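To start, the structure under review is shown below, and the notes come after it.
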Amino acid sequence: MAEYNFVLKNQNIEYEGLFIVRDLYQVINKFLKDKGYDWKEPKHHEYIGDNSKYVELQLEPWKKVSDYVELVLRTNIKIYNMKDVVIEKDGRKLNMQKGKIVIRLDAILKTDYEGKWEEPPIKYFLRALFDKFIYKRYTNNFANQLKQDAHELVSNIKSYLNLYNYKLN
């Protein structure tokens, strides 16, 4: 079984206003592709109410950096009271969404992700020694890389959302 080390936990972004869901998704997707992450979407729910939608999305991007270490950027996106609106800007009509977005990001350093060092107990003990004394420098470098990627992703998302704060208000 893999060992999970949280490098960043509950990095939150909150935004309320106008946005385009498709563009937000593309910002995240482009970042992940540029950084070499593969990803899956274990959760995608949409609840449609009378006047608005609630969207819950979980992305789980990962990047294998060695046979022993995997970087994970778990991202939870929740959009409350999402409504479609039409905005007129410079004589053009733009289809946008309005609502509240809450994004939570966890950066996880996953070691022994294939579970090769679990059984027998001597392997588990050797893995602990290996992690603590020999491989520590490498895992620290991977943790720093993961933290940098997480901060850059948060910065890209905030930049995208602030774009609409200044353009349309």
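Labels for the structure tokens follow display order: chains A, B, ..., residues from 1 in each chain, ligands from 1.
Near Lys98 of chain A, within 10 Å and counting only C-alpha atoms, sit Glu16, Gly17, Leu18, Phe19, Ile20, Val21, Ser52, Ile79, Tyr80, Asn81, Met82, Lys83, Asp84, Val85, Val86, Met96, Lys100 and Ile101 of chain A, not including residues fewer than 2 positions from it in the same chain.
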Segment 130-141 of chain A environment, 9 Å, only C-alpha atoms, sequence neighbours closer than 6 positions dropped, as a VMD selection string: chain A and resid 69 109 111
Selection: 6 Å around Leu57 of chain A, only C-alpha atoms, excl. self and same-chain fewer than 2 positions, as a VMD selection string: chain A and resid 43 to 44 76 to 77
Export N, CA and C atoms of the chosen residues as a short mmCIF file (atom, residue, chain, number, x, y, z; two decimals), in the first residue's frame?
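File written: result.cif
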data_model
loop_
_atom_site.label_atom_id
_atom_site.label_comp_id
_atom_site.auth_asym_id
_atom_site.auth_seq_id
_atom_site.Cartn_x
_atom_site.Cartn_y
_atom_site.Cartn_z
N LYS A 43 -14.91 11.95 -9.87
CA LYS A 43 -16.24 12.43 -9.47
C LYS A 43 -16.63 13.62 -10.33
N HIS A 44 -17.83 13.54 -10.89
CA HIS A 44 -18.42 14.65 -11.65
C HIS A 44 -19.93 14.57 -11.47
N ASN A 76 -10.54 19.54 -5.92
CA ASN A 76 -12.00 19.48 -5.77
C ASN A 76 -12.57 20.84 -6.16
N ILE A 77 -13.50 20.83 -7.09
CA ILE A 77 -14.13 22.06 -7.56
C ILE A 77 -15.62 21.96 -7.26
#
Per-residue DSSP, segment 24-84 of chain A, filtered to helix (DSSP H, G or I), as JSON, numbers by chain: {"A": [24, 25, 26, 27, 28, 29, 30, 31, 32, 33, 34, 35]}
All strand (DSSP E or B) residues (DSSP, backbone) inside chain A, as a VMD selection string: chain A and resid 3 to 19 38 to 48 53 to 64 69 to 89 92 to 111
Selected residues written out with C-alpha atoms, as a PDB file, in the first residue's frame:
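Contents of result.pdb, as written:
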ATOM      1  CA  GLU A   3       2.300   6.026   1.631  1.00  0.00           C
ATOM      2  CA  TYR A   4       0.712   9.461   1.249  1.00  0.00           C
ATOM      3  CA  ASN A   5       2.637  12.552   2.392  1.00  0.00           C
ATOM      4  CA  PHE A   6       0.698  15.804   2.152  1.00  0.00           C
ATOM      5  CA  VAL A   7       2.982  18.581   0.898  1.00  0.00           C
ATOM      6  CA  LEU A   8       0.097  21.090   0.785  1.00  0.00           C
ATOM      7  CA  LYS A   9      -3.296  20.475   2.315  1.00  0.00           C
ATOM      8  CA  ASN A  10      -6.535  22.403   1.753  1.00  0.00           C
ATOM      9  CA  GLN A  11      -5.158  25.179  -0.445  1.00  0.00           C
ATOM     10  CA  ASN A  12      -8.420  27.075  -1.066  1.00  0.00           C
ATOM     11  CA  ILE A  13      -9.583  29.410  -3.798  1.00  0.00           C
ATOM     12  CA  GLU A  14     -12.960  31.135  -3.498  1.00  0.00           C
ATOM     13  CA  TYR A  15     -14.522  33.292  -6.174  1.00  0.00           C
ATOM     14  CA  GLU A  16     -17.963  34.718  -6.732  1.00  0.00           C
ATOM     15  CA  GLY A  17     -18.952  36.394  -9.971  1.00  0.00           C
ATOM     16  CA  LEU A  18     -18.875  35.815 -13.708  1.00  0.00           C
ATOM     17  CA  PHE A  19     -16.857  33.056 -15.377  1.00  0.00           C
ATOM     18  CA  ASP A  38      -1.928  12.368 -16.445  1.00  0.00           C
ATOM     19  CA  TRP A  39      -5.315  12.643 -14.795  1.00  0.00           C
ATOM     20  CA  LYS A  40      -8.626  11.061 -14.127  1.00  0.00           C
ATOM     21  CA  GLU A  41     -11.944  12.463 -13.020  1.00  0.00           C
ATOM     22  CA  PRO A  42     -13.283  10.188 -10.266  1.00  0.00           C
ATOM     23  CA  LYS A  43     -16.235  12.430  -9.469  1.00  0.00           C
ATOM     24  CA  HIS A  44     -18.416  14.650 -11.645  1.00  0.00           C
ATOM     25  CA  HIS A  45     -21.900  15.493 -10.384  1.00  0.00           C
ATOM     26  CA  GLU A  46     -24.347  18.131 -11.509  1.00  0.00           C
ATOM     27  CA  TYR A  47     -27.493  18.864  -9.548  1.00  0.00           C
ATOM     28  CA  ILE A  48     -30.069  20.982 -11.345  1.00  0.00           C
ATOM     29  CA  LYS A  53     -27.084  24.319 -10.819  1.00  0.00           C
ATOM     30  CA  TYR A  54     -24.671  22.851  -8.296  1.00  0.00           C
ATOM     31  CA  VAL A  55     -21.582  21.253  -9.835  1.00  0.00           C
ATOM     32  CA  GLU A  56     -19.096  19.081  -7.968  1.00  0.00           C
ATOM     33  CA  LEU A  57     -15.982  17.899  -9.755  1.00  0.00           C
ATOM     34  CA  GLN A  58     -12.937  16.046  -8.484  1.00  0.00           C
ATOM     35  CA  LEU A  59      -9.786  15.802 -10.576  1.00  0.00           C
ATOM     36  CA  GLU A  60      -6.915  13.558  -9.626  1.00  0.00           C
ATOM     37  CA  PRO A  61      -3.827  14.433 -11.702  1.00  0.00           C
ATOM     38  CA  TRP A  62      -0.676  12.401 -11.121  1.00  0.00           C
ATOM     39  CA  LYS A  63       2.841  12.293 -12.481  1.00  0.00           C
ATOM     40  CA  LYS A  64       5.227   9.393 -11.979  1.00  0.00           C
ATOM     41  CA  VAL A  69       7.503   8.301  -6.234  1.00  0.00           C
ATOM     42  CA  GLU A  70       4.332   9.734  -7.755  1.00  0.00           C
ATOM     43  CA  LEU A  71       3.162  13.362  -7.504  1.00  0.00           C
ATOM     44  CA  VAL A  72      -0.587  13.930  -7.037  1.00  0.00           C
ATOM     45  CA  LEU A  73      -2.510  17.237  -7.253  1.00  0.00           C
ATOM     46  CA  ARG A  74      -5.983  16.337  -5.950  1.00  0.00           C
ATOM     47  CA  THR A  75      -8.387  19.112  -6.967  1.00  0.00           C
ATOM     48  CA  ASN A  76     -11.995  19.484  -5.767  1.00  0.00           C
ATOM     49  CA  ILE A  77     -14.134  22.058  -7.555  1.00  0.00           C
ATOM     50  CA  LYS A  78     -17.575  23.041  -6.302  1.00  0.00           C
ATOM     51  CA  ILE A  79     -19.745  25.588  -8.059  1.00  0.00           C
ATOM     52  CA  TYR A  80     -22.774  26.869  -6.151  1.00  0.00           C
ATOM     53  CA  ASN A  81     -25.842  28.626  -7.602  1.00  0.00           C
ATOM     54  CA  MET A  82     -24.505  28.521 -11.157  1.00  0.00           C
ATOM     55  CA  LYS A  83     -26.726  30.315 -13.624  1.00  0.00           C
ATOM     56  CA  ASP A  84     -26.262  30.961 -17.319  1.00  0.00           C
ATOM     57  CA  VAL A  85     -26.203  34.659 -18.191  1.00  0.00           C
ATOM     58  CA  VAL A  86     -25.720  36.656 -21.377  1.00  0.00           C
ATOM     59  CA  ILE A  87     -23.441  39.677 -21.130  1.00  0.00           C
ATOM     60  CA  GLU A  88     -23.087  42.317 -23.799  1.00  0.00           C
ATOM     61  CA  LYS A  89     -19.524  43.562 -24.165  1.00  0.00           C
ATOM     62  CA  ARG A  92     -21.005  41.298 -28.705  1.00  0.00           C
ATOM     63  CA  LYS A  93     -23.078  38.902 -26.665  1.00  0.00           C
ATOM     64  CA  LEU A  94     -21.126  36.537 -24.415  1.00  0.00           C
ATOM     65  CA  ASN A  95     -22.625  33.416 -22.866  1.00  0.00           C
ATOM     66  CA  MET A  96     -21.201  33.121 -19.369  1.00  0.00           C
ATOM     67  CA  GLN A  97     -22.011  31.626 -16.009  1.00  0.00           C
ATOM     68  CA  LYS A  98     -22.517  33.353 -12.700  1.00  0.00           C
ATOM     69  CA  GLY A  99     -22.078  31.748  -9.297  1.00  0.00           C
ATOM     70  CA  LYS A 100     -19.705  30.912  -6.500  1.00  0.00           C
ATOM     71  CA  ILE A 101     -16.660  28.703  -7.087  1.00  0.00           C
ATOM     72  CA  VAL A 102     -14.787  26.951  -4.284  1.00  0.00           C
ATOM     73  CA  ILE A 103     -11.645  25.046  -5.269  1.00  0.00           C
ATOM     74  CA  ARG A 104      -9.636  22.959  -2.799  1.00  0.00           C
ATOM     75  CA  LEU A 105      -6.236  21.627  -3.769  1.00  0.00           C
ATOM     76  CA  ASP A 106      -4.160  18.970  -1.999  1.00  0.00           C
ATOM     77  CA  ALA A 107      -0.594  18.234  -3.118  1.00  0.00           C
ATOM     78  CA  ILE A 108       0.352  14.668  -2.207  1.00  0.00           C
ATOM     79  CA  LEU A 109       3.714  12.928  -2.512  1.00  0.00           C
ATOM     80  CA  LYS A 110       2.889   9.254  -2.945  1.00  0.00           C
ATOM     81  CA  THR A 111       5.725   6.797  -2.273  1.00  0.00           C
TER      82      THR A 111
END
Close residues, Ile157 of chain A itself excluded, 9 Å, only C-alpha atoms, min 2 positions apart in chain, as a VMD selection string: chain A and resid 13 24 27 to 28 152 to 155 159 to 162
